[in-house]
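Next comes data.cif, a file with mmCIF, C-alpha atoms.
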data_upload
loop_
_atom_site.group_PDB
_atom_site.id
_atom_site.type_symbol
_atom_site.label_atom_id
_atom_site.label_comp_id
_atom_site.auth_asym_id
_atom_site.auth_seq_id
_atom_site.Cartn_x
_atom_site.Cartn_y
_atom_site.Cartn_z
ATOM 1 C CA MET A 19 -8.101 -16.462 -20.035
ATOM 2 C CA LEU A 20 -4.513 -17.668 -20.398
ATOM 3 C CA ARG A 21 -3.826 -15.265 -23.259
ATOM 4 C CA TYR A 22 -5.354 -12.431 -21.268
ATOM 5 C CA THR A 23 -3.109 -13.231 -18.278
ATOM 6 C CA VAL A 24 0.041 -13.482 -20.410
ATOM 7 C CA ASN A 25 -0.663 -10.101 -22.020
ATOM 8 C CA ARG A 26 -1.064 -8.459 -18.614
ATOM 9 C CA VAL A 27 2.146 -10.057 -17.307
ATOM 10 C CA LEU A 28 4.126 -8.850 -20.330
ATOM 11 C CA MET A 29 2.854 -5.310 -19.722
ATOM 12 C CA MET A 30 4.524 -5.375 -16.303
ATOM 13 C CA ILE A 31 8.035 -5.481 -17.782
ATOM 14 C CA PRO A 32 8.152 -2.023 -19.463
ATOM 15 C CA THR A 33 6.419 -0.488 -16.465
ATOM 16 C CA LEU A 34 9.032 -1.725 -13.999
ATOM 17 C CA LEU A 35 11.820 -0.811 -16.415
ATOM 18 C CA GLY A 36 10.496 2.740 -16.671
ATOM 19 C CA VAL A 37 10.289 3.004 -12.884
ATOM 20 C CA ALA A 38 13.889 1.785 -12.568
ATOM 21 C CA VAL A 39 15.182 4.377 -15.037
ATOM 22 C CA LEU A 40 13.263 7.227 -13.418
ATOM 23 C CA VAL A 41 14.189 6.455 -9.824
ATOM 24 C CA PHE A 42 17.862 5.888 -10.600
ATOM 25 C CA PHE A 43 18.525 9.062 -12.571
ATOM 26 C CA MET A 44 16.187 11.324 -10.593
ATOM 27 C CA LEU A 45 17.948 10.429 -7.354
ATOM 28 C CA ARG A 46 21.243 11.497 -8.925
ATOM 29 C CA VAL A 47 19.756 14.883 -9.829
ATOM 30 C CA VAL A 48 18.488 15.611 -6.308
ATOM 31 C CA PRO A 49 20.999 17.738 -4.319
ATOM 32 C CA GLY A 50 22.866 15.969 -1.545
ATOM 33 C CA ASP A 51 25.688 13.513 -1.082
ATOM 34 C CA ILE A 52 25.478 10.532 1.221
ATOM 35 C CA VAL A 53 29.243 10.588 1.742
ATOM 36 C CA GLU A 54 29.089 14.184 2.975
ATOM 37 C CA VAL A 55 26.161 13.332 5.267
ATOM 38 C CA LYS A 56 27.848 10.200 6.547
ATOM 39 C CA LEU A 57 31.289 11.664 7.222
ATOM 40 C CA ARG A 58 30.567 15.344 7.872
ATOM 41 C CA GLY A 59 26.915 15.343 8.892
ATOM 42 C CA ASP A 60 27.571 15.554 12.646
ATOM 43 C CA GLY A 61 30.421 18.007 12.349
ATOM 44 C CA GLY A 62 32.986 15.395 11.435
ATOM 45 C CA ASN A 63 36.299 16.895 10.363
ATOM 46 C CA VAL A 64 37.567 14.710 7.559
ATOM 47 C CA THR A 65 39.751 15.621 4.634
ATOM 48 C CA GLN A 66 38.605 15.755 1.053
ATOM 49 C CA GLU A 67 40.866 12.803 0.283
ATOM 50 C CA VAL A 68 38.907 10.653 2.730
ATOM 51 C CA VAL A 69 35.636 11.788 1.159
ATOM 52 C CA GLU A 70 36.870 10.932 -2.328
ATOM 53 C CA ALA A 71 38.156 7.563 -1.146
ATOM 54 C CA GLU A 72 34.747 6.748 0.349
ATOM 55 C CA ARG A 73 32.995 7.799 -2.846
ATOM 56 C CA LYS A 74 35.300 5.506 -4.803
ATOM 57 C CA ARG A 75 34.653 2.625 -2.402
ATOM 58 C CA LEU A 76 30.906 3.045 -2.855
ATOM 59 C CA GLY A 77 31.297 3.248 -6.625
ATOM 60 C CA LEU A 78 29.918 6.793 -6.883
ATOM 61 C CA ASP A 79 32.869 8.010 -8.955
ATOM 62 C CA ARG A 80 31.972 5.799 -11.931
ATOM 63 C CA PRO A 81 29.829 6.998 -14.877
ATOM 64 C CA LEU A 82 26.074 6.937 -14.254
ATOM 65 C CA LEU A 83 25.382 4.560 -17.132
ATOM 66 C CA THR A 84 27.900 2.099 -15.704
ATOM 67 C CA GLN A 85 26.305 2.300 -12.271
ATOM 68 C CA PHE A 86 22.827 1.897 -13.767
ATOM 69 C CA GLY A 87 23.833 -1.093 -15.877
ATOM 70 C CA GLU A 88 25.434 -2.845 -12.926
ATOM 71 C CA TRP A 89 22.416 -2.155 -10.721
ATOM 72 C CA MET A 90 19.993 -3.499 -13.324
ATOM 73 C CA VAL A 91 22.013 -6.667 -13.868
ATOM 74 C CA ASN A 92 22.248 -7.316 -10.134
ATOM 75 C CA MET A 93 18.555 -6.580 -9.649
ATOM 76 C CA VAL A 94 17.588 -9.150 -12.275
ATOM 77 C CA ARG A 95 19.600 -11.656 -10.248
ATOM 78 C CA GLY A 96 17.695 -10.687 -7.098
ATOM 79 C CA ASP A 97 20.501 -8.567 -5.627
ATOM 80 C CA PHE A 98 19.358 -5.012 -4.840
ATOM 81 C CA GLY A 99 22.782 -3.967 -3.603
ATOM 82 C CA ILE A 100 24.196 -2.825 -0.277
ATOM 83 C CA SER A 101 22.848 0.043 1.784
ATOM 84 C CA MET A 102 25.275 2.954 1.587
ATOM 85 C CA TRP A 103 24.527 3.926 5.176
ATOM 86 C CA THR A 104 24.344 0.687 7.148
ATOM 87 C CA GLU A 105 26.385 -1.368 4.626
ATOM 88 C CA ARG A 106 23.918 -4.222 4.957
ATOM 89 C CA PRO A 107 22.063 -5.842 2.040
ATOM 90 C CA VAL A 108 19.108 -3.774 0.901
ATOM 91 C CA MET A 109 16.778 -6.769 0.901
ATOM 92 C CA GLU A 110 17.764 -7.539 4.473
ATOM 93 C CA GLU A 111 16.960 -3.975 5.547
ATOM 94 C CA ILE A 112 13.608 -4.119 3.777
ATOM 95 C CA SER A 113 12.651 -7.606 4.953
ATOM 96 C CA LEU A 114 13.099 -6.573 8.592
ATOM 97 C CA ARG A 115 10.262 -4.061 8.198
ATOM 98 C CA LEU A 116 8.182 -5.467 5.365
ATOM 99 C CA GLU A 117 6.532 -8.093 7.546
ATOM 100 C CA LEU A 118 5.135 -5.418 9.839
ATOM 101 C CA SER A 119 3.874 -3.091 7.104
ATOM 102 C CA LEU A 120 2.423 -5.932 5.058
ATOM 103 C CA GLN A 121 0.556 -7.352 8.029
ATOM 104 C CA VAL A 122 -0.925 -3.972 8.943
ATOM 105 C CA ALA A 123 -2.024 -3.488 5.321
ATOM 106 C CA LEU A 124 -3.617 -6.954 5.179
ATOM 107 C CA MET A 125 -5.437 -6.490 8.490
ATOM 108 C CA ALA A 126 -6.688 -3.041 7.452
ATOM 109 C CA THR A 127 -7.888 -4.453 4.127
ATOM 110 C CA ILE A 128 -9.782 -7.286 5.809
ATOM 111 C CA ILE A 129 -11.423 -4.863 8.252
ATOM 112 C CA ALA A 130 -12.330 -2.439 5.468
ATOM 113 C CA VAL A 131 -13.793 -5.055 3.118
ATOM 114 C CA LEU A 132 -15.804 -6.817 5.825
ATOM 115 C CA LEU A 133 -17.375 -3.522 6.882
ATOM 116 C CA ALA A 134 -17.559 -1.634 3.592
ATOM 117 C CA ILE A 135 -19.493 -4.170 1.520
ATOM 118 C CA PRO A 136 -22.493 -4.479 3.884
ATOM 119 C CA MET A 137 -22.415 -0.749 4.697
ATOM 120 C CA GLY A 138 -22.376 0.327 1.064
ATOM 121 C CA THR A 139 -25.001 -2.243 0.099
ATOM 122 C CA LEU A 140 -27.386 -1.249 2.894
ATOM 123 C CA ALA A 141 -26.938 2.442 2.138
ATOM 124 C CA ALA A 142 -27.877 1.853 -1.509
ATOM 125 C CA LEU A 143 -30.821 -0.454 -0.783
ATOM 126 C CA PHE A 144 -32.267 1.867 1.866
ATOM 127 C CA ARG A 145 -31.522 5.102 0.092
ATOM 128 C CA ASP A 146 -32.588 8.289 1.872
ATOM 129 C CA THR A 147 -33.553 6.410 5.044
ATOM 130 C CA TRP A 148 -31.942 6.650 8.461
ATOM 131 C CA ILE A 149 -29.679 3.712 7.531
ATOM 132 C CA ASP A 150 -28.366 5.581 4.516
ATOM 133 C CA TYR A 151 -27.854 8.753 6.538
ATOM 134 C CA LEU A 152 -25.991 6.838 9.251
ATOM 135 C CA VAL A 153 -23.668 5.216 6.706
ATOM 136 C CA ARG A 154 -23.060 8.600 5.076
ATOM 137 C CA ILE A 155 -22.110 10.161 8.407
ATOM 138 C CA LEU A 156 -19.731 7.321 9.234
ATOM 139 C CA THR A 157 -18.077 7.366 5.814
ATOM 140 C CA ILE A 158 -17.747 11.142 5.697
ATOM 141 C CA GLY A 159 -16.111 10.953 9.107
ATOM 142 C CA GLY A 160 -13.700 8.336 7.823
ATOM 143 C CA LEU A 161 -12.760 10.508 4.858
ATOM 144 C CA SER A 162 -12.407 13.643 6.970
ATOM 145 C CA ILE A 163 -10.433 12.342 9.937
ATOM 146 C CA PRO A 164 -6.714 11.728 9.263
ATOM 147 C CA SER A 165 -5.640 8.208 10.087
ATOM 148 C CA PHE A 166 -2.847 9.334 12.406
ATOM 149 C CA TRP A 167 -5.236 11.584 14.377
ATOM 150 C CA PHE A 168 -7.747 8.749 14.721
ATOM 151 C CA GLY A 169 -4.826 6.581 15.828
ATOM 152 C CA MET A 170 -3.940 9.126 18.498
ATOM 153 C CA LEU A 171 -7.527 9.018 19.756
ATOM 154 C CA ILE A 172 -7.311 5.237 19.965
ATOM 155 C CA MET A 173 -4.020 5.469 21.841
ATOM 156 C CA LEU A 174 -5.372 8.017 24.335
ATOM 157 C CA SER A 175 -8.526 5.949 24.880
ATOM 158 C CA LEU A 176 -6.539 2.770 25.496
ATOM 159 C CA LEU A 177 -4.270 4.612 27.905
ATOM 160 C CA ALA A 178 -7.110 6.304 29.786
ATOM 161 C CA PHE A 179 -9.471 3.334 30.108
ATOM 162 C CA PHE A 180 -7.146 0.309 30.030
ATOM 163 C CA ASN A 181 -3.758 1.800 30.929
ATOM 164 C CA TRP A 182 -2.340 0.200 27.771
ATOM 165 C CA LEU A 183 0.586 1.417 25.695
ATOM 166 C CA PRO A 184 2.051 -0.203 22.586
ATOM 167 C CA PRO A 185 5.143 -2.317 23.226
ATOM 168 C CA ILE A 186 8.517 -0.917 22.299
ATOM 169 C CA THR A 187 9.531 -3.837 20.087
ATOM 170 C CA PHE A 188 7.582 -5.619 17.364
ATOM 171 C CA THR A 189 6.484 -9.187 18.102
ATOM 172 C CA PRO A 190 6.188 -11.358 14.969
ATOM 173 C CA PHE A 191 3.073 -13.463 14.503
ATOM 174 C CA TYR A 192 4.983 -16.739 14.571
ATOM 175 C CA VAL A 193 6.562 -15.837 17.948
ATOM 176 C CA ASP A 194 3.430 -14.805 19.850
ATOM 177 C CA PRO A 195 0.211 -14.550 17.769
ATOM 178 C CA TRP A 196 -1.828 -12.871 20.495
ATOM 179 C CA ALA A 197 0.816 -10.251 21.316
ATOM 180 C CA ASN A 198 1.230 -9.589 17.613
ATOM 181 C CA PHE A 199 -2.539 -9.199 17.171
ATOM 182 C CA THR A 200 -2.964 -6.827 20.123
ATOM 183 C CA GLN A 201 -0.100 -4.692 18.844
ATOM 184 C CA LEU A 202 -1.212 -4.339 15.210
ATOM 185 C CA ILE A 203 -5.001 -4.394 15.437
ATOM 186 C CA TRP A 204 -5.124 -0.769 16.571
ATOM 187 C CA PRO A 205 -3.082 0.751 13.734
ATOM 188 C CA ALA A 206 -4.993 -1.518 11.344
ATOM 189 C CA MET A 207 -8.269 -0.096 12.684
ATOM 190 C CA ALA A 208 -6.941 3.466 12.475
ATOM 191 C CA VAL A 209 -6.092 3.198 8.766
ATOM 192 C CA GLY A 210 -8.897 0.735 8.041
ATOM 193 C CA TYR A 211 -11.545 3.295 9.020
ATOM 194 C CA ARG A 212 -10.636 5.618 6.152
ATOM 195 C CA TYR A 213 -10.121 2.614 3.890
ATOM 196 C CA CYS A 214 -13.614 1.371 4.749
ATOM 197 C CA ALA A 215 -15.141 4.798 4.122
ATOM 198 C CA VAL A 216 -13.668 5.057 0.625
ATOM 199 C CA VAL A 217 -14.783 1.569 -0.402
ATOM 200 C CA ALA A 218 -18.263 1.885 1.145
ATOM 201 C CA ARG A 219 -19.022 5.115 -0.702
ATOM 202 C CA MET A 220 -17.764 3.601 -3.934
ATOM 203 C CA ILE A 221 -19.990 0.529 -3.496
ATOM 204 C CA ARG A 222 -22.994 2.699 -2.634
ATOM 205 C CA SER A 223 -22.668 4.910 -5.701
ATOM 206 C CA SER A 224 -21.938 1.971 -8.013
ATOM 207 C CA LEU A 225 -24.834 -0.082 -6.681
ATOM 208 C CA LEU A 226 -27.275 2.823 -7.057
ATOM 209 C CA GLU A 227 -26.222 3.145 -10.675
ATOM 210 C CA VAL A 228 -26.502 -0.587 -11.350
ATOM 211 C CA LEU A 229 -29.952 -0.866 -9.745
ATOM 212 C CA ASN A 230 -31.314 1.488 -12.415
ATOM 213 C CA GLU A 231 -30.092 -0.683 -15.295
ATOM 214 C CA ASP A 232 -32.528 -2.455 -17.586
ATOM 215 C CA TYR A 233 -31.311 -5.968 -16.797
ATOM 216 C CA ILE A 234 -32.102 -5.424 -13.098
ATOM 217 C CA ARG A 235 -35.667 -4.412 -13.935
ATOM 218 C CA THR A 236 -35.913 -7.392 -16.276
ATOM 219 C CA ALA A 237 -34.760 -9.792 -13.557
ATOM 220 C CA ARG A 238 -37.321 -8.382 -11.161
ATOM 221 C CA ALA A 239 -40.059 -8.560 -13.805
ATOM 222 C CA LYS A 240 -39.266 -12.258 -14.317
ATOM 223 C CA GLY A 241 -39.929 -12.868 -10.634
ATOM 224 C CA VAL A 242 -36.346 -13.517 -9.538
ATOM 225 C CA TYR A 243 -35.963 -13.336 -5.774
ATOM 226 C CA GLU A 244 -34.792 -9.906 -4.651
ATOM 227 C CA ARG A 245 -31.888 -11.441 -2.762
ATOM 228 C CA LEU A 246 -30.639 -13.095 -5.959
ATOM 229 C CA VAL A 247 -31.136 -9.896 -7.938
ATOM 230 C CA ILE A 248 -28.946 -7.991 -5.495
ATOM 231 C CA SER A 249 -26.258 -10.607 -4.879
ATOM 232 C CA ARG A 250 -25.930 -12.252 -8.288
ATOM 233 C CA HIS A 251 -26.673 -9.388 -10.681
ATOM 234 C CA ALA A 252 -26.396 -5.979 -9.027
ATOM 235 C CA LEU A 253 -23.651 -6.411 -6.446
ATOM 236 C CA ARG A 254 -21.469 -8.492 -8.772
ATOM 237 C CA ASN A 255 -21.235 -5.602 -11.242
ATOM 238 C CA ALA A 256 -21.138 -2.879 -8.591
ATOM 239 C CA LEU A 257 -18.020 -4.443 -7.072
ATOM 240 C CA LEU A 258 -15.931 -3.825 -10.216
ATOM 241 C CA PRO A 259 -14.915 -0.203 -9.443
ATOM 242 C CA ALA A 260 -14.641 -1.052 -5.736
ATOM 243 C CA ILE A 261 -12.064 -3.740 -6.535
ATOM 244 C CA THR A 262 -9.833 -1.093 -8.095
ATOM 245 C CA VAL A 263 -10.108 1.128 -5.031
ATOM 246 C CA ILE A 264 -9.371 -1.787 -2.704
ATOM 247 C CA GLY A 265 -6.251 -2.717 -4.643
ATOM 248 C CA LEU A 266 -4.877 0.814 -4.856
ATOM 249 C CA GLU A 267 -5.538 1.521 -1.179
ATOM 250 C CA PHE A 268 -3.820 -1.721 -0.209
ATOM 251 C CA THR A 269 -0.644 -0.876 -2.111
ATOM 252 C CA PHE A 270 -0.658 2.620 -0.649
ATOM 253 C CA LEU A 271 -0.687 1.170 2.864
ATOM 254 C CA ILE A 272 2.576 -0.701 2.247
ATOM 255 C CA GLY A 273 4.705 2.432 2.295
ATOM 256 C CA GLY A 274 2.358 5.315 3.032
ATOM 257 C CA LEU A 275 1.841 5.015 6.783
ATOM 258 C CA VAL A 276 4.739 7.132 7.979
ATOM 259 C CA VAL A 277 2.868 9.219 10.569
ATOM 260 C CA THR A 278 0.635 6.353 11.689
ATOM 261 C CA GLU A 279 3.708 4.204 12.277
ATOM 262 C CA GLN A 280 5.204 6.937 14.434
ATOM 263 C CA VAL A 281 2.007 7.212 16.496
ATOM 264 C CA PHE A 282 1.978 3.482 17.248
ATOM 265 C CA ASN A 283 5.760 3.143 17.544
ATOM 266 C CA LEU A 284 6.033 0.854 14.515
ATOM 267 C CA ASN A 285 9.271 0.598 12.572
ATOM 268 C CA GLY A 286 7.852 -0.219 9.165
ATOM 269 C CA ILE A 287 8.590 0.558 5.536
ATOM 270 C CA GLY A 288 7.306 4.122 5.882
ATOM 271 C CA GLN A 289 9.820 4.922 8.604
ATOM 272 C CA LEU A 290 12.580 3.336 6.553
ATOM 273 C CA PHE A 291 11.657 5.538 3.592
ATOM 274 C CA VAL A 292 12.029 8.689 5.685
ATOM 275 C CA GLN A 293 15.356 7.592 7.123
ATOM 276 C CA SER A 294 16.798 6.625 3.740
ATOM 277 C CA VAL A 295 15.732 9.926 2.147
ATOM 278 C CA ALA A 296 17.212 11.936 5.014
ATOM 279 C CA ARG A 297 20.511 10.082 4.577
ATOM 280 C CA ASN A 298 20.475 10.143 0.739
ATOM 281 C CA ASP A 299 20.909 6.376 0.743
ATOM 282 C CA PHE A 300 20.404 5.855 -2.986
ATOM 283 C CA MET A 301 20.594 2.071 -2.973
ATOM 284 C CA LEU A 302 18.034 1.678 -0.222
ATOM 285 C CA ILE A 303 15.642 4.200 -1.791
ATOM 286 C CA GLN A 304 15.922 2.484 -5.159
ATOM 287 C CA GLY A 305 15.234 -0.906 -3.616
ATOM 288 C CA MET A 306 12.140 0.306 -1.761
ATOM 289 C CA VAL A 307 10.754 2.205 -4.750
ATOM 290 C CA MET A 308 11.153 -0.883 -6.918
ATOM 291 C CA LEU A 309 9.496 -2.983 -4.225
ATOM 292 C CA ILE A 310 6.486 -0.644 -3.988
ATOM 293 C CA ALA A 311 6.306 -0.424 -7.785
ATOM 294 C CA ALA A 312 6.340 -4.217 -8.014
ATOM 295 C CA PHE A 313 3.514 -4.345 -5.459
ATOM 296 C CA TYR A 314 1.481 -1.840 -7.470
ATOM 297 C CA VAL A 315 2.028 -3.718 -10.724
ATOM 298 C CA PHE A 316 1.259 -7.092 -9.146
ATOM 299 C CA VAL A 317 -1.897 -5.829 -7.450
ATOM 300 C CA ASN A 318 -3.022 -4.234 -10.718
ATOM 301 C CA LEU A 319 -2.504 -7.612 -12.375
ATOM 302 C CA ILE A 320 -4.705 -9.248 -9.746
ATOM 303 C CA ILE A 321 -7.311 -6.507 -10.267
ATOM 304 C CA ASP A 322 -7.295 -7.104 -14.030
ATOM 305 C CA LEU A 323 -7.774 -10.831 -13.485
ATOM 306 C CA LEU A 324 -10.619 -10.228 -11.030
ATOM 307 C CA TYR A 325 -12.242 -7.907 -13.547
ATOM 308 C CA ALA A 326 -12.073 -10.712 -16.084
ATOM 309 C CA VAL A 327 -13.620 -13.122 -13.565
ATOM 310 C CA PHE A 328 -16.507 -10.796 -12.658
ATOM 311 C CA ASP A 329 -17.076 -9.631 -16.229
ATOM 312 C CA PRO A 330 -16.181 -12.279 -18.873
ATOM 313 C CA ARG A 331 -16.643 -9.712 -21.669
ATOM 314 C CA ILE A 332 -13.316 -8.140 -20.662
ATOM 315 C CA ARG A 333 -11.224 -11.225 -21.351
ATOM 316 C CA TYR A 334 -13.146 -12.023 -24.519
ATOM 317 C CA ASP A 335 -12.603 -8.519 -25.931
ATOM 318 C CA SER A 336 -8.872 -8.712 -25.140
#
Just give me the structure as structure tokens.
Amino acid sequence: MLRYTVNRVLMMIPTLLGVAVLVFFMLRVVPGDIVEVKLRGDGGNVTQEVVEAERKRLGLDRPLLTQFGEWMVNMVRGDFGISMWTERPVMEEISLRLELSLQVALMATIIAVLLAIPMGTLAALFRDTWIDYLVRILTIGGLSIPSFWFGMLIMLSLLAFFNWLPPITFTPFYVDPWANFTQLIWPAMAVGYRYCAVVARMIRSSLLEVLNEDYIRTARAKGVYERLVISRHALRNALLPAITVIGLEFTFLIGGLVVTEQVFNLNGIGQLFVQSVARNDFMLIQGMVMLIAAFYVFVNLIIDLLYAVFDPRIRYDS
């Protein structure tokens, strides 16, 4: 198991290095200049000398390889640079919003997993019954309805029946747990509904396939209790593809909730992405892309380890 884990950790290094190279040089190819946006974006009348001086101050006049080398060295030290727009540390800008986005993603994941596993299991066990049809309708609805539109329905319902609107400012959990919960539970439910639908359908299809395997029929022929057959043999193997979906959906929620954040007045990572792209803030975009990439790689590592836990053949073959 240790060798398996070390191999997976070593595979993370070239992946993150490739992401760093791509994001750095692709941003330099995209049209736009943050100095022009910053100094002349609102009709500012500045001379070309001022523009060139600002570019020199930000280090944009140096060769790309020099800029890339300096950025990589600083990033290894934990320094992602200074935002070219706000002139604050990139990690400080990200940390202000990461707590919110991460908490919404965790709450949505918990909601989805707690609902999806029993829904998918019941739909598979009672195939072609009213239970299965009900689960299908609910999951198809979750896949069809956009999360932001479902969030708007939640907002309108809360306003109409309870006269409730989301607060203007975000309340951290450690300041007021109840206020934090009441503020984030609704966006978590809005995105968790689709999340739940994806995982439930995956569990249903996987469990139906596993229930037709020979070892399931053998366990039943030996007189093993049906509950043990489902929980210990069938569901354990059916969860393998669902684990992958859960991990990928979780990482997507970290930075992919732009519209949902706008609906619920949340200033998270998604909003920061939009603002940094509109301003051509290279340093901030690079920092956030590397953060999301690190999340993806780390979650994939966890998924690989969980695969090895659920199916020991994986770690033995490695």
Which neighbours of range 87-92 of chain A fall inside 10 Å, counting all atoms listed in the file, when residues of the same chain fewer than 4 positions from it are skipped, and could you give them as a list in words?
Leu35, Ala38, Val39, Phe42, Leu82, Leu83, Gly96, Asp97, Phe98, Gly99, Met301 and Gln304 of chain A
Using the selection just defined, write its residues with C-alpha atoms as a short mmCIF file (atom, residue, chain, number, x, y, z; two decimals), in the frame of the given file.
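Done, and the output landed in out-v2.cif:
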data_model
loop_
_atom_site.label_atom_id
_atom_site.label_comp_id
_atom_site.auth_asym_id
_atom_site.auth_seq_id
_atom_site.Cartn_x
_atom_site.Cartn_y
_atom_site.Cartn_z
CA LEU A 35 11.82 -0.81 -16.42
CA ALA A 38 13.89 1.78 -12.57
CA VAL A 39 15.18 4.38 -15.04
CA PHE A 42 17.86 5.89 -10.60
CA LEU A 82 26.07 6.94 -14.25
CA LEU A 83 25.38 4.56 -17.13
CA GLY A 96 17.70 -10.69 -7.10
CA ASP A 97 20.50 -8.57 -5.63
CA PHE A 98 19.36 -5.01 -4.84
CA GLY A 99 22.78 -3.97 -3.60
CA MET A 301 20.59 2.07 -2.97
CA GLN A 304 15.92 2.48 -5.16
#
Within 7 Å of (8.4, 0.4, 8.9) (file coordinates; all atoms listed in the file), which protein or nucleic acid residues are there? I'd like them as a list in words.
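Here is the list of nearby residues: Arg115, Leu116, Leu118, Ser119, Glu279, Leu284, Asn285, Gly286, Ile287, Gly288, Gln289 and Leu290 of chain A.
Distances here use all atoms listed in the file; by that measure, the residue among A:Val315, A:Val242, A:Ala208, A:Ile264 closest to Phe282 in chain A is A:Ala208.
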Is it possible to get the axis-aligned box enclosing range 119-132 of chain A (all listed atoms, 6 Å extra per side) as JSON, with centre and edge lengths in Å rounded to one decimal?
{"center_x": -6.0, "center_y": -4.9, "center_z": 6.0, "size_x": 31.7, "size_y": 16.9, "size_z": 17.8}
One-decimal distance in Å that lies between CA of Gly265 in chain A and CA of Ile321 in chain A
6.9 Å
Work out how far apart CA of Ile128 in chain A and CA of Leu246 in chain A are and give it in Å to one decimal.
24.6 Å
When you count only C-alpha atoms, which of these residues is closest to Arg297 in chain A: A:Phe43, A:Tyr314, A:Trp148, A:Trp103?
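Result for the nearest residue to Arg297 in chain A: A:Trp103.
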For a quick check of understanding, using all atoms listed in the file, which of A:Ile52, A:Ser162, A:Tyr213, A:Ala252 has the smallest distance to Ala237 in chain A?
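For Ala237 in chain A, the nearest of the given residues is A:Ala252.
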If we count all atoms listed in the file, what is near Asp150 in chain A at a cut-off of 12 Å, once residues fewer than 3 positions away on the same chain are taken out, given as a PDB file with C-alpha atoms, keeping the file's coordinate frame?
ATOM      1  CA  PRO A 136     -22.493  -4.479   3.884  1.00  0.00           C
ATOM      2  CA  MET A 137     -22.415  -0.749   4.697  1.00  0.00           C
ATOM      3  CA  GLY A 138     -22.376   0.327   1.064  1.00  0.00           C
ATOM      4  CA  THR A 139     -25.001  -2.243   0.099  1.00  0.00           C
ATOM      5  CA  LEU A 140     -27.386  -1.249   2.894  1.00  0.00           C
ATOM      6  CA  ALA A 141     -26.938   2.442   2.138  1.00  0.00           C
ATOM      7  CA  ALA A 142     -27.877   1.853  -1.509  1.00  0.00           C
ATOM      8  CA  LEU A 143     -30.821  -0.454  -0.783  1.00  0.00           C
ATOM      9  CA  PHE A 144     -32.267   1.867   1.866  1.00  0.00           C
ATOM     10  CA  ARG A 145     -31.522   5.102   0.092  1.00  0.00           C
ATOM     11  CA  ASP A 146     -32.588   8.289   1.872  1.00  0.00           C
ATOM     12  CA  THR A 147     -33.553   6.410   5.044  1.00  0.00           C
ATOM     13  CA  VAL A 153     -23.668   5.216   6.706  1.00  0.00           C
ATOM     14  CA  ARG A 154     -23.060   8.600   5.076  1.00  0.00           C
ATOM     15  CA  ILE A 155     -22.110  10.161   8.407  1.00  0.00           C
ATOM     16  CA  LEU A 156     -19.731   7.321   9.234  1.00  0.00           C
ATOM     17  CA  THR A 157     -18.077   7.366   5.814  1.00  0.00           C
ATOM     18  CA  ALA A 218     -18.263   1.885   1.145  1.00  0.00           C
ATOM     19  CA  ARG A 219     -19.022   5.115  -0.702  1.00  0.00           C
ATOM     20  CA  ARG A 222     -22.994   2.699  -2.634  1.00  0.00           C
ATOM     21  CA  SER A 223     -22.668   4.910  -5.701  1.00  0.00           C
ATOM     22  CA  LEU A 226     -27.275   2.823  -7.057  1.00  0.00           C
TER      23      LEU A 226
END
What would the selection look like, as number ranges by chain, if the PyMOL selection byres ((chain A and resi 121) around 10) were run on the coordinates I just shared?
A: 116-120, 122-127, 190-191, 198-199, 202-203, 206, 272
Looking at A:Phe270, A:Met170, A:Ala134, A:Ile234, which one is nearest to Ala215 in chain A, with distances taken over only C-alpha atoms?
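Closest candidate: A:Ala134.
Residues within 10 Å of Thr200 in chain A, counting all atoms listed in the file and excluding same-chain residues fewer than 5 positions away, are Pro184, Pro185, Thr189, Pro195 and Pro205 of chain A.
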Grab the residues selected above and save them as a compact mmCIF listing (two decimals), in the coordinates of the input with C-alpha atoms.
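What landed in selection_35.txt:
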# COMPACT_ATOMS: atom_id res chain seq x y z
CA PRO A 184 2.05 -0.20 22.59
CA PRO A 185 5.14 -2.32 23.23
CA THR A 189 6.48 -9.19 18.10
CA PRO A 195 0.21 -14.55 17.77
CA PRO A 205 -3.08 0.75 13.73
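The gap separating CA of Val247 in chain A from CA of Tyr233 in chain A is 9.7 Å, in Å to one decimal.
The residue that comes closest to Leu302 in chain A, out of A:Leu229, A:Ile100, A:Val37, A:Leu258 and on the basis of all atoms listed in the file, is A:Ile100.
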Ground truth for the PyMOL selection byres ((chain A and resi 323) around 9), written as a VMD selection string:
chain A and resid 19 22 to 23 26 318 to 322 324 to 328 333
Output C-alpha atoms for every residue in that selection, as a CSV table (one decimal), keeping the file's coordinate frame.
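In the end it all went to result_12.csv:
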chain,number,residue,atom,x,y,z
A,19,MET,CA,-8.1,-16.5,-20.0
A,22,TYR,CA,-5.4,-12.4,-21.3
A,23,THR,CA,-3.1,-13.2,-18.3
A,26,ARG,CA,-1.1,-8.5,-18.6
A,318,ASN,CA,-3.0,-4.2,-10.7
A,319,LEU,CA,-2.5,-7.6,-12.4
A,320,ILE,CA,-4.7,-9.2,-9.7
A,321,ILE,CA,-7.3,-6.5,-10.3
A,322,ASP,CA,-7.3,-7.1,-14.0
A,324,LEU,CA,-10.6,-10.2,-11.0
A,325,TYR,CA,-12.2,-7.9,-13.5
A,326,ALA,CA,-12.1,-10.7,-16.1
A,327,VAL,CA,-13.6,-13.1,-13.6
A,328,PHE,CA,-16.5,-10.8,-12.7
A,333,ARG,CA,-11.2,-11.2,-21.4
